[in-house]
>>> print(open('structure_5.pdb').read())   # PDB, C-alpha atoms
ATOM      1  CA  ASN A  29      -4.447  30.062 169.794  1.00  0.00           C
ATOM      2  CA  ALA A  30      -4.506  33.788 169.249  1.00  0.00           C
ATOM      3  CA  GLY A  31      -4.220  34.983 165.696  1.00  0.00           C
ATOM      4  CA  VAL A  32      -1.760  37.476 164.275  1.00  0.00           C
ATOM      5  CA  MET A  33      -1.937  40.683 166.275  1.00  0.00           C
ATOM      6  CA  GLN A  34      -1.170  44.143 165.003  1.00  0.00           C
ATOM      7  CA  ASN A  35      -1.108  47.444 166.796  1.00  0.00           C
ATOM      8  CA  PRO A  36      -2.107  50.102 166.638  1.00  0.00           C
ATOM      9  CA  ARG A  37      -5.148  49.425 164.477  1.00  0.00           C
ATOM     10  CA  HIS A  38      -5.308  53.069 163.421  1.00  0.00           C
ATOM     11  CA  LEU A  39      -2.447  55.541 163.374  1.00  0.00           C
ATOM     12  CA  VAL A  40      -2.530  59.215 162.427  1.00  0.00           C
ATOM     13  CA  ARG A  41       0.688  61.058 161.750  1.00  0.00           C
ATOM     14  CA  ARG A  42       1.591  64.458 160.374  1.00  0.00           C
ATOM     15  CA  ARG A  43       3.992  64.758 157.474  1.00  0.00           C
ATOM     16  CA  GLY A  44       7.578  64.360 158.643  1.00  0.00           C
ATOM     17  CA  GLN A  45       6.784  62.298 161.736  1.00  0.00           C
ATOM     18  CA  GLU A  46       7.736  58.668 162.294  1.00  0.00           C
ATOM     19  CA  ALA A  47       5.329  55.744 162.240  1.00  0.00           C
ATOM     20  CA  ARG A  48       5.980  52.460 164.059  1.00  0.00           C
ATOM     21  CA  LEU A  49       3.758  49.498 163.297  1.00  0.00           C
ATOM     22  CA  ARG A  50       3.927  46.330 165.393  1.00  0.00           C
ATOM     23  CA  CYS A  51       3.113  42.745 164.545  1.00  0.00           C
ATOM     24  CA  SER A  52       3.025  39.733 166.855  1.00  0.00           C
ATOM     25  CA  PRO A  53       2.883  36.493 164.854  1.00  0.00           C
ATOM     26  CA  MET A  54       0.774  33.497 165.754  1.00  0.00           C
ATOM     27  CA  LYS A  55       2.243  31.298 168.465  1.00  0.00           C
ATOM     28  CA  GLY A  56       4.791  28.941 166.977  1.00  0.00           C
ATOM     29  CA  HIS A  57       5.245  30.988 163.794  1.00  0.00           C
ATOM     30  CA  SER A  58       8.764  32.174 163.039  1.00  0.00           C
ATOM     31  CA  HIS A  59       8.177  33.816 159.650  1.00  0.00           C
ATOM     32  CA  VAL A  60       6.680  37.292 159.255  1.00  0.00           C
ATOM     33  CA  TYR A  61       5.637  39.148 156.112  1.00  0.00           C
ATOM     34  CA  TRP A  62       4.545  42.750 155.657  1.00  0.00           C
ATOM     35  CA  TYR A  63       2.199  43.879 152.879  1.00  0.00           C
ATOM     36  CA  ARG A  64       0.819  47.300 151.980  1.00  0.00           C
ATOM     37  CA  GLN A  65      -2.616  48.040 150.548  1.00  0.00           C
ATOM     38  CA  LEU A  66      -3.027  51.467 148.991  1.00  0.00           C
ATOM     39  CA  PRO A  67      -6.596  52.797 148.697  1.00  0.00           C
ATOM     40  CA  GLU A  68      -8.693  50.870 146.161  1.00  0.00           C
ATOM     41  CA  GLU A  69      -5.796  48.541 145.321  1.00  0.00           C
ATOM     42  CA  GLY A  70      -4.670  45.007 146.073  1.00  0.00           C
ATOM     43  CA  LEU A  71      -1.989  44.072 148.563  1.00  0.00           C
ATOM     44  CA  LYS A  72       1.675  44.431 147.627  1.00  0.00           C
ATOM     45  CA  PHE A  73       4.529  42.537 149.276  1.00  0.00           C
ATOM     46  CA  MET A  74       7.047  44.629 151.185  1.00  0.00           C
ATOM     47  CA  VAL A  75       9.378  42.447 153.273  1.00  0.00           C
ATOM     48  CA  TYR A  76       9.841  38.907 154.594  1.00  0.00           C
ATOM     49  CA  LEU A  77      11.619  38.298 157.905  1.00  0.00           C
ATOM     50  CA  GLN A  78      12.594  35.452 160.144  1.00  0.00           C
ATOM     51  CA  LYS A  79      13.830  35.938 163.690  1.00  0.00           C
ATOM     52  CA  GLU A  80      16.747  38.413 163.559  1.00  0.00           C
ATOM     53  CA  ASN A  81      17.032  38.101 159.763  1.00  0.00           C
ATOM     54  CA  ILE A  82      15.644  39.942 156.759  1.00  0.00           C
ATOM     55  CA  ILE A  83      15.112  37.305 154.080  1.00  0.00           C
ATOM     56  CA  ASP A  84      13.602  39.385 151.264  1.00  0.00           C
ATOM     57  CA  GLU A  85      13.109  43.156 151.298  1.00  0.00           C
ATOM     58  CA  SER A  86      12.712  43.596 147.562  1.00  0.00           C
ATOM     59  CA  GLY A  87       9.252  45.127 147.905  1.00  0.00           C
ATOM     60  CA  MET A  88      10.210  47.774 150.407  1.00  0.00           C
ATOM     61  CA  PRO A  89      11.002  51.364 149.337  1.00  0.00           C
ATOM     62  CA  LYS A  90      14.729  51.993 149.608  1.00  0.00           C
ATOM     63  CA  GLU A  91      14.396  55.123 151.687  1.00  0.00           C
ATOM     64  CA  ARG A  92      12.559  55.860 154.933  1.00  0.00           C
ATOM     65  CA  PHE A  93      11.263  52.294 155.427  1.00  0.00           C
ATOM     66  CA  SER A  94      12.856  49.645 157.633  1.00  0.00           C
ATOM     67  CA  ALA A  95      11.734  46.422 159.275  1.00  0.00           C
ATOM     68  CA  GLU A  96      13.011  44.175 162.019  1.00  0.00           C
ATOM     69  CA  PHE A  97      11.998  40.987 163.794  1.00  0.00           C
ATOM     70  CA  PRO A  98      14.090  40.727 166.954  1.00  0.00           C
ATOM     71  CA  LYS A  99      14.755  37.570 168.919  1.00  0.00           C
ATOM     72  CA  GLU A 100      12.291  38.750 171.542  1.00  0.00           C
ATOM     73  CA  GLY A 101       9.217  40.833 170.901  1.00  0.00           C
ATOM     74  CA  PRO A 102       7.122  41.780 167.900  1.00  0.00           C
ATOM     75  CA  SER A 103       8.164  42.604 164.381  1.00  0.00           C
ATOM     76  CA  ILE A 104       8.356  46.350 163.748  1.00  0.00           C
ATOM     77  CA  LEU A 105       7.783  48.208 160.481  1.00  0.00           C
ATOM     78  CA  ARG A 106       9.196  51.698 160.770  1.00  0.00           C
ATOM     79  CA  ILE A 107       8.464  54.566 158.419  1.00  0.00           C
ATOM     80  CA  GLN A 108      10.518  57.698 158.917  1.00  0.00           C
ATOM     81  CA  GLN A 109       9.495  61.189 157.759  1.00  0.00           C
ATOM     82  CA  VAL A 110       6.093  60.030 156.561  1.00  0.00           C
ATOM     83  CA  VAL A 111       4.492  61.601 153.489  1.00  0.00           C
ATOM     84  CA  ARG A 112       0.850  61.591 152.374  1.00  0.00           C
ATOM     85  CA  GLY A 113       1.566  58.812 149.887  1.00  0.00           C
ATOM     86  CA  ASP A 114       2.364  56.498 152.815  1.00  0.00           C
ATOM     87  CA  SER A 115      -1.308  56.534 153.828  1.00  0.00           C
ATOM     88  CA  ALA A 116      -2.411  52.935 153.440  1.00  0.00           C
ATOM     89  CA  ALA A 117      -3.359  49.780 155.284  1.00  0.00           C
ATOM     90  CA  TYR A 118      -0.334  47.777 156.381  1.00  0.00           C
ATOM     91  CA  PHE A 119      -0.912  44.072 156.901  1.00  0.00           C
ATOM     92  CA  CYS A 120       1.315  41.611 158.646  1.00  0.00           C
ATOM     93  CA  ALA A 121       1.152  37.860 158.016  1.00  0.00           C
ATOM     94  CA  SER A 122       2.876  34.946 159.684  1.00  0.00           C
ATOM     95  CA  SER A 123       3.587  31.329 158.839  1.00  0.00           C
ATOM     96  CA  PRO A 124       5.224  28.433 160.656  1.00  0.00           C
ATOM     97  CA  GLY A 125       8.073  28.161 158.166  1.00  0.00           C
ATOM     98  CA  LEU A 126       7.210  24.792 156.679  1.00  0.00           C
ATOM     99  CA  GLN A 127       7.664  24.087 152.980  1.00  0.00           C
ATOM    100  CA  THR A 128       3.984  24.452 152.206  1.00  0.00           C
ATOM    101  CA  ASP A 129       2.715  27.316 154.294  1.00  0.00           C
ATOM    102  CA  THR A 130      -0.521  29.121 154.694  1.00  0.00           C
ATOM    103  CA  GLN A 131       0.075  32.763 155.533  1.00  0.00           C
ATOM    104  CA  TYR A 132      -2.270  34.045 158.230  1.00  0.00           C
ATOM    105  CA  PHE A 133      -3.022  37.749 158.176  1.00  0.00           C
ATOM    106  CA  GLY A 134      -3.507  40.203 160.986  1.00  0.00           C
ATOM    107  CA  PRO A 135      -6.259  42.845 161.061  1.00  0.00           C
ATOM    108  CA  GLY A 136      -3.962  45.523 159.634  1.00  0.00           C
ATOM    109  CA  THR A 137      -2.882  48.994 160.712  1.00  0.00           C
ATOM    110  CA  ARG A 138      -4.506  51.875 158.890  1.00  0.00           C
ATOM    111  CA  LEU A 139      -2.030  54.731 158.622  1.00  0.00           C
ATOM    112  CA  THR A 140      -3.297  58.194 157.785  1.00  0.00           C
ATOM    113  CA  VAL A 141      -0.793  60.949 157.086  1.00  0.00           C
ATOM    114  CA  LEU A 142      -2.168  64.464 157.425  1.00  0.00           C
TER
ATOM    115  CA  GLY B   4       7.533  38.478 138.323  1.00  0.00           C
ATOM    116  CA  ILE B   5       4.406  36.374 138.254  1.00  0.00           C
ATOM    117  CA  GLN B   6       1.173  37.951 137.007  1.00  0.00           C
ATOM    118  CA  VAL B   7      -2.173  37.293 138.693  1.00  0.00           C
ATOM    119  CA  GLU B   8      -5.421  38.245 136.987  1.00  0.00           C
ATOM    120  CA  GLN B   9      -8.832  38.006 138.563  1.00  0.00           C
ATOM    121  CA  SER B  10     -12.210  38.170 136.870  1.00  0.00           C
ATOM    122  CA  PRO B  11     -14.711  39.635 136.927  1.00  0.00           C
ATOM    123  CA  PRO B  12     -13.537  42.851 138.611  1.00  0.00           C
ATOM    124  CA  ASP B  13     -17.051  43.575 139.885  1.00  0.00           C
ATOM    125  CA  LEU B  14     -20.051  41.325 140.488  1.00  0.00           C
ATOM    126  CA  ILE B  15     -23.513  42.194 141.751  1.00  0.00           C
ATOM    127  CA  LEU B  16     -25.832  39.406 142.847  1.00  0.00           C
ATOM    128  CA  GLN B  17     -29.214  38.949 144.409  1.00  0.00           C
ATOM    129  CA  GLU B  18     -29.243  37.005 147.652  1.00  0.00           C
ATOM    130  CA  GLY B  19     -29.465  33.289 146.956  1.00  0.00           C
ATOM    131  CA  ALA B  20     -27.637  33.375 143.621  1.00  0.00           C
ATOM    132  CA  ASN B  21     -24.517  31.370 142.810  1.00  0.00           C
ATOM    133  CA  SER B  22     -21.277  32.779 141.434  1.00  0.00           C
ATOM    134  CA  THR B  23     -17.871  31.757 140.124  1.00  0.00           C
ATOM    135  CA  LEU B  24     -14.750  33.878 140.517  1.00  0.00           C
ATOM    136  CA  ARG B  25     -11.659  33.160 138.458  1.00  0.00           C
ATOM    137  CA  CYS B  26      -7.938  33.600 139.072  1.00  0.00           C
ATOM    138  CA  ASN B  27      -5.360  33.130 136.304  1.00  0.00           C
ATOM    139  CA  PHE B  28      -1.641  33.106 137.008  1.00  0.00           C
ATOM    140  CA  SER B  29       1.293  33.241 134.642  1.00  0.00           C
ATOM    141  CA  ASP B  30       3.768  30.739 136.126  1.00  0.00           C
ATOM    142  CA  SER B  31       4.095  27.669 138.337  1.00  0.00           C
ATOM    143  CA  VAL B  32       3.252  28.252 141.992  1.00  0.00           C
ATOM    144  CA  ASN B  33       3.955  26.635 145.358  1.00  0.00           C
ATOM    145  CA  ASN B  34       0.952  28.080 147.049  1.00  0.00           C
ATOM    146  CA  LEU B  35      -2.395  29.628 146.176  1.00  0.00           C
ATOM    147  CA  GLN B  36      -4.706  31.217 148.702  1.00  0.00           C
ATOM    148  CA  TRP B  37      -8.162  32.789 148.444  1.00  0.00           C
ATOM    149  CA  PHE B  38      -9.089  35.588 150.833  1.00  0.00           C
ATOM    150  CA  HIS B  39     -12.216  37.562 151.603  1.00  0.00           C
ATOM    151  CA  GLN B  40     -11.716  41.181 152.631  1.00  0.00           C
ATOM    152  CA  ASN B  41     -14.858  42.246 154.429  1.00  0.00           C
ATOM    153  CA  PRO B  42     -16.234  45.803 154.400  1.00  0.00           C
ATOM    154  CA  TRP B  43     -14.290  46.522 157.615  1.00  0.00           C
ATOM    155  CA  GLY B  44     -11.027  45.728 155.842  1.00  0.00           C
ATOM    156  CA  GLN B  45     -10.230  42.453 157.559  1.00  0.00           C
ATOM    157  CA  LEU B  46      -8.609  39.715 155.471  1.00  0.00           C
ATOM    158  CA  ILE B  47     -10.099  36.309 156.071  1.00  0.00           C
ATOM    159  CA  ASN B  48      -8.422  33.119 154.890  1.00  0.00           C
ATOM    160  CA  LEU B  49     -10.819  31.080 152.782  1.00  0.00           C
ATOM    161  CA  PHE B  50      -8.674  28.393 151.195  1.00  0.00           C
ATOM    162  CA  TYR B  51      -5.099  27.236 150.869  1.00  0.00           C
ATOM    163  CA  ILE B  52      -5.326  25.387 147.575  1.00  0.00           C
ATOM    164  CA  PRO B  53      -2.213  24.966 145.384  1.00  0.00           C
ATOM    165  CA  SER B  54      -4.019  22.150 143.563  1.00  0.00           C
ATOM    166  CA  GLY B  55      -7.203  20.102 143.698  1.00  0.00           C
ATOM    167  CA  THR B  56     -10.616  20.913 145.130  1.00  0.00           C
ATOM    168  CA  LYS B  57     -11.730  21.906 148.611  1.00  0.00           C
ATOM    169  CA  GLN B  58     -15.112  22.746 150.098  1.00  0.00           C
ATOM    170  CA  ASN B  59     -16.094  24.701 153.176  1.00  0.00           C
ATOM    171  CA  GLY B  60     -19.823  25.146 153.618  1.00  0.00           C
ATOM    172  CA  ARG B  61     -21.241  27.231 150.771  1.00  0.00           C
ATOM    173  CA  LEU B  62     -17.777  27.945 149.391  1.00  0.00           C
ATOM    174  CA  SER B  63     -15.597  25.681 147.332  1.00  0.00           C
ATOM    175  CA  ALA B  64     -12.431  26.162 145.311  1.00  0.00           C
ATOM    176  CA  THR B  65     -10.653  24.317 142.553  1.00  0.00           C
ATOM    177  CA  THR B  66      -7.103  24.884 141.312  1.00  0.00           C
ATOM    178  CA  VAL B  67      -5.840  23.341 138.083  1.00  0.00           C
ATOM    179  CA  ALA B  68      -2.127  23.976 138.489  1.00  0.00           C
ATOM    180  CA  THR B  69      -1.155  22.572 135.077  1.00  0.00           C
ATOM    181  CA  GLU B  70      -3.461  25.093 133.384  1.00  0.00           C
ATOM    182  CA  ARG B  71      -2.615  27.906 135.809  1.00  0.00           C
ATOM    183  CA  TYR B  72      -6.021  28.888 137.060  1.00  0.00           C
ATOM    184  CA  SER B  73      -8.185  28.646 140.149  1.00  0.00           C
ATOM    185  CA  LEU B  74     -11.916  29.041 140.629  1.00  0.00           C
ATOM    186  CA  LEU B  75     -13.845  30.083 143.735  1.00  0.00           C
ATOM    187  CA  TYR B  76     -17.506  29.062 143.868  1.00  0.00           C
ATOM    188  CA  ILE B  77     -20.001  30.762 146.124  1.00  0.00           C
ATOM    189  CA  SER B  78     -23.400  29.102 146.357  1.00  0.00           C
ATOM    190  CA  SER B  79     -26.625  30.525 147.812  1.00  0.00           C
ATOM    191  CA  SER B  80     -24.947  33.879 148.361  1.00  0.00           C
ATOM    192  CA  GLN B  81     -25.787  35.985 151.408  1.00  0.00           C
ATOM    193  CA  THR B  82     -25.390  39.707 152.053  1.00  0.00           C
ATOM    194  CA  THR B  83     -22.534  38.901 154.438  1.00  0.00           C
ATOM    195  CA  ASP B  84     -20.594  37.517 151.457  1.00  0.00           C
ATOM    196  CA  SER B  85     -20.150  41.077 150.183  1.00  0.00           C
ATOM    197  CA  GLY B  86     -16.624  42.408 150.023  1.00  0.00           C
ATOM    198  CA  VAL B  87     -13.516  41.893 147.924  1.00  0.00           C
ATOM    199  CA  TYR B  88     -12.215  38.434 147.089  1.00  0.00           C
ATOM    200  CA  PHE B  89      -8.484  38.151 146.503  1.00  0.00           C
ATOM    201  CA  CYS B  90      -6.477  35.376 144.984  1.00  0.00           C
ATOM    202  CA  ALA B  91      -2.783  35.297 145.968  1.00  0.00           C
ATOM    203  CA  VAL B  92      -0.006  33.033 144.720  1.00  0.00           C
ATOM    204  CA  GLU B  93       3.470  32.166 145.901  1.00  0.00           C
ATOM    205  CA  GLU B  94       6.037  31.659 143.169  1.00  0.00           C
ATOM    206  CA  THR B  95       8.234  28.565 143.248  1.00  0.00           C
ATOM    207  CA  SER B  96      11.256  30.838 143.634  1.00  0.00           C
ATOM    208  CA  GLY B  97      10.252  32.526 146.869  1.00  0.00           C
ATOM    209  CA  SER B  98       7.870  32.912 149.793  1.00  0.00           C
ATOM    210  CA  ARG B  99       6.116  36.192 149.038  1.00  0.00           C
ATOM    211  CA  LEU B 100       2.466  36.230 148.003  1.00  0.00           C
ATOM    212  CA  THR B 101       1.511  38.103 144.850  1.00  0.00           C
ATOM    213  CA  PHE B 102      -2.084  39.282 144.958  1.00  0.00           C
ATOM    214  CA  GLY B 103      -4.544  39.833 142.161  1.00  0.00           C
ATOM    215  CA  GLU B 104      -6.534  43.039 141.999  1.00  0.00           C
ATOM    216  CA  GLY B 105      -9.578  41.356 143.484  1.00  0.00           C
ATOM    217  CA  THR B 106     -13.241  40.838 142.636  1.00  0.00           C
ATOM    218  CA  GLN B 107     -15.630  43.274 144.327  1.00  0.00           C
ATOM    219  CA  LEU B 108     -18.764  41.282 145.205  1.00  0.00           C
ATOM    220  CA  THR B 109     -21.992  42.963 146.230  1.00  0.00           C
ATOM    221  CA  VAL B 110     -24.880  40.788 147.358  1.00  0.00           C
ATOM    222  CA  ASN B 111     -28.203  42.621 147.528  1.00  0.00           C
ATOM    223  CA  PRO B 112     -31.078  41.464 149.751  1.00  0.00           C
TER
END
>>> encode(input="structure_5.pdb", output="structure tokens")
Amino acid sequence: NAGVMQNPRHLVRRRGQEARLRCSPMKGHSHVYWYRQLPEEGLKFMVYLQKENIIDESGMPKERFSAEFPKEGPSILRIQQVVRGDSAAYFCASSPGLQTDTQYFGPGTRLTVL
Amino acid sequence: GIQVEQSPPDLILQEGANSTLRCNFSDSVNNLQWFHQNPWGQLINLFYIPSGTKQNGRLSATTVATERYSLLYISSSQTTDSGVYFCAVEETSGSRLTFGEGTQLTVNP
């Protein structure tokens, strides 16, 4: 059973460009979470999604950031008009959606904004 | 929101030594996980342990939910144990994980 997959693993963008980060959950998992790790810091929750629904986006910046988890295909975290402060590692996790869940993390996407 | 504190923030060991990492949390939790982030940045699940004790090889963990703390034990440490160890908890009110700031472990040969 393949683990959580994220791509790209590394992404370089110039200020003002858009960044799209993809996450394919583990097989059989219907819940996806996105977390951000700024340099030298711990991980911070951004958004929690189920198929076609955003359950909790309280950790996501109100502007420029959006997330989706369509019925078919991977979950996408989209950052518009990136700024240098968006440089970070973005981790996706998935769980099967049971009451007591382990969240399994992908390898992360390291975004660098020039 | 819930607060998660990890100690010590940094730990340097000689290969073969034992260590104990601590995680305190400020409220009741549904879930507690320990992770190892290796020097390449990958997050590795170590334990899912909302209560009780578990062991996996040289690592073991104990969570005392009523007293709101968890301990991670590393025995006979190896250089490959180096990295950052994170504790993360899920509040009873939701599904998000709240991470501590981590313990940076360095194991010297």
>>> residues_around(input="structure_5.pdb", residues="Leu100 (chain B)", least_positions_apart="4", cutoff="9 Å", atoms="only C-alpha atoms", output="ChimeraX atom specification")
/A:72-73,131 /B:34-36,91-94
>>> closest_residue(input="structure_5.pdb", among="A:Phe133, A:Glu69, A:Val110, A:Ser123", to="Gly44 (chain A)", atoms="all atoms listed in the file")
A:Val110
>>> interface_residues(input="structure_5.pdb", of="chain A", to="chain B", cutoff="10 Å", atoms="only C-alpha atoms", output="PDB file with C-alpha atoms, keeping the file's coordinate frame")
ATOM      1  CA  HIS A  59       8.177  33.816 159.650  1.00  0.00           C
ATOM      2  CA  TYR A  61       5.637  39.148 156.112  1.00  0.00           C
ATOM      3  CA  TRP A  62       4.545  42.750 155.657  1.00  0.00           C
ATOM      4  CA  TYR A  63       2.199  43.879 152.879  1.00  0.00           C
ATOM      5  CA  GLU A  68      -8.693  50.870 146.161  1.00  0.00           C
ATOM      6  CA  GLU A  69      -5.796  48.541 145.321  1.00  0.00           C
ATOM      7  CA  GLY A  70      -4.670  45.007 146.073  1.00  0.00           C
ATOM      8  CA  LEU A  71      -1.989  44.072 148.563  1.00  0.00           C
ATOM      9  CA  LYS A  72       1.675  44.431 147.627  1.00  0.00           C
ATOM     10  CA  PHE A  73       4.529  42.537 149.276  1.00  0.00           C
ATOM     11  CA  MET A  74       7.047  44.629 151.185  1.00  0.00           C
ATOM     12  CA  VAL A  75       9.378  42.447 153.273  1.00  0.00           C
ATOM     13  CA  TYR A  76       9.841  38.907 154.594  1.00  0.00           C
ATOM     14  CA  ILE A  83      15.112  37.305 154.080  1.00  0.00           C
ATOM     15  CA  ASP A  84      13.602  39.385 151.264  1.00  0.00           C
ATOM     16  CA  GLY A  87       9.252  45.127 147.905  1.00  0.00           C
ATOM     17  CA  ALA A 117      -3.359  49.780 155.284  1.00  0.00           C
ATOM     18  CA  PHE A 119      -0.912  44.072 156.901  1.00  0.00           C
ATOM     19  CA  GLY A 125       8.073  28.161 158.166  1.00  0.00           C
ATOM     20  CA  GLN A 127       7.664  24.087 152.980  1.00  0.00           C
ATOM     21  CA  THR A 128       3.984  24.452 152.206  1.00  0.00           C
ATOM     22  CA  ASP A 129       2.715  27.316 154.294  1.00  0.00           C
ATOM     23  CA  THR A 130      -0.521  29.121 154.694  1.00  0.00           C
ATOM     24  CA  GLN A 131       0.075  32.763 155.533  1.00  0.00           C
ATOM     25  CA  TYR A 132      -2.270  34.045 158.230  1.00  0.00           C
ATOM     26  CA  PHE A 133      -3.022  37.749 158.176  1.00  0.00           C
ATOM     27  CA  GLY A 134      -3.507  40.203 160.986  1.00  0.00           C
ATOM     28  CA  PRO A 135      -6.259  42.845 161.061  1.00  0.00           C
ATOM     29  CA  GLY A 136      -3.962  45.523 159.634  1.00  0.00           C
ATOM     30  CA  ARG A 138      -4.506  51.875 158.890  1.00  0.00           C
TER      31      ARG A 138
END
>>> resolve_selection(input="structure_5.pdb", expression="the PyMOL selection byres ((chain A and resi 113) around 10)", output="number ranges by chain")
A: 43, 66, 110-112, 114-116, 140-141
>>> atom_distance(input="structure_5.pdb", atom1="CA of Ser85 (chain B)", atom2="CA of Gln34 (chain A)")
24.3 Å
>>> residues_around(input="structure_5.pdb", residues="region 47-56 of chain A", least_positions_apart="4", cutoff="8 Å", atoms="all atoms listed in the file", output="JSON, numbers by chain")
{"A": [29, 30, 31, 32, 33, 34, 35, 36, 39, 41, 60, 101, 102, 103, 104, 105, 106, 107, 108, 110, 120, 121, 122, 123, 124, 134, 137]}
>>> atom_distance(input="structure_5.pdb", atom1="CA of Glu85 (chain A)", atom2="CA of Gln40 (chain B)")
24.9 Å
>>> residues_around(input="structure_5.pdb", residues="Asn21 (chain B)", least_positions_apart="5", cutoff="9 Å", atoms="all atoms listed in the file", output="list of chain:residue names")
B:Leu16, B:Tyr76, B:Ile77, B:Ser78, B:Ser79, B:Ser80
>>> atom_distance(input="structure_5.pdb", atom1="CA of Leu142 (chain A)", atom2="CA of Pro89 (chain A)")
20.3 Å
>>> resolve_selection(input="structure_5.pdb", expression="the PyMOL selection byres ((chain B and resi 13) around 8)", output="PyMOL selection string")
chain B and resi 10-12+14-15+106-108
>>> resolve_selection(input="structure_5.pdb", expression="the PyMOL selection byres ((chain A and resi 92) around 7)", output="list of chain:residue names")
A:Lys90, A:Glu91, A:Phe93, A:Ser94, A:Ile107, A:Gln108, A:Gln109
>>> build_atoms(input="structure_5.pdb", residues="region 83-94 of chain A", atoms="N, CA and C atoms", output="short mmCIF file (atom, residue, chain, number, x, y, z; two decimals), keeping the file's coordinate frame")
data_model
loop_
_atom_site.label_atom_id
_atom_site.label_comp_id
_atom_site.auth_asym_id
_atom_site.auth_seq_id
_atom_site.Cartn_x
_atom_site.Cartn_y
_atom_site.Cartn_z
N ILE A 83 14.91 38.29 155.14
CA ILE A 83 15.11 37.30 154.08
C ILE A 83 14.93 37.94 152.70
N ASP A 84 13.91 38.78 152.56
CA ASP A 84 13.60 39.38 151.26
C ASP A 84 12.97 40.74 151.53
N GLU A 85 13.66 41.80 151.13
CA GLU A 85 13.11 43.16 151.30
C GLU A 85 12.93 43.85 149.95
N SER A 86 12.76 43.04 148.91
CA SER A 86 12.71 43.60 147.56
C SER A 86 11.48 44.45 147.30
N GLY A 87 10.45 44.33 148.11
CA GLY A 87 9.25 45.13 147.90
C GLY A 87 9.20 46.39 148.74
N MET A 88 10.22 46.63 149.50
CA MET A 88 10.21 47.77 150.41
C MET A 88 10.89 48.97 149.76
N PRO A 89 10.32 50.17 149.86
CA PRO A 89 11.00 51.36 149.34
C PRO A 89 12.39 51.48 149.96
N LYS A 90 13.33 51.97 149.16
CA LYS A 90 14.73 51.99 149.61
C LYS A 90 14.96 53.02 150.69
N GLU A 91 14.19 54.06 150.71
CA GLU A 91 14.40 55.12 151.69
C GLU A 91 13.22 55.18 152.66
N ARG A 92 13.50 55.56 153.86
CA ARG A 92 12.56 55.86 154.93
C ARG A 92 11.90 54.63 155.56
N PHE A 93 11.94 53.49 154.91
CA PHE A 93 11.26 52.29 155.43
C PHE A 93 12.31 51.31 155.96
N SER A 94 12.01 50.71 157.10
CA SER A 94 12.86 49.64 157.63
C SER A 94 11.98 48.67 158.41
#
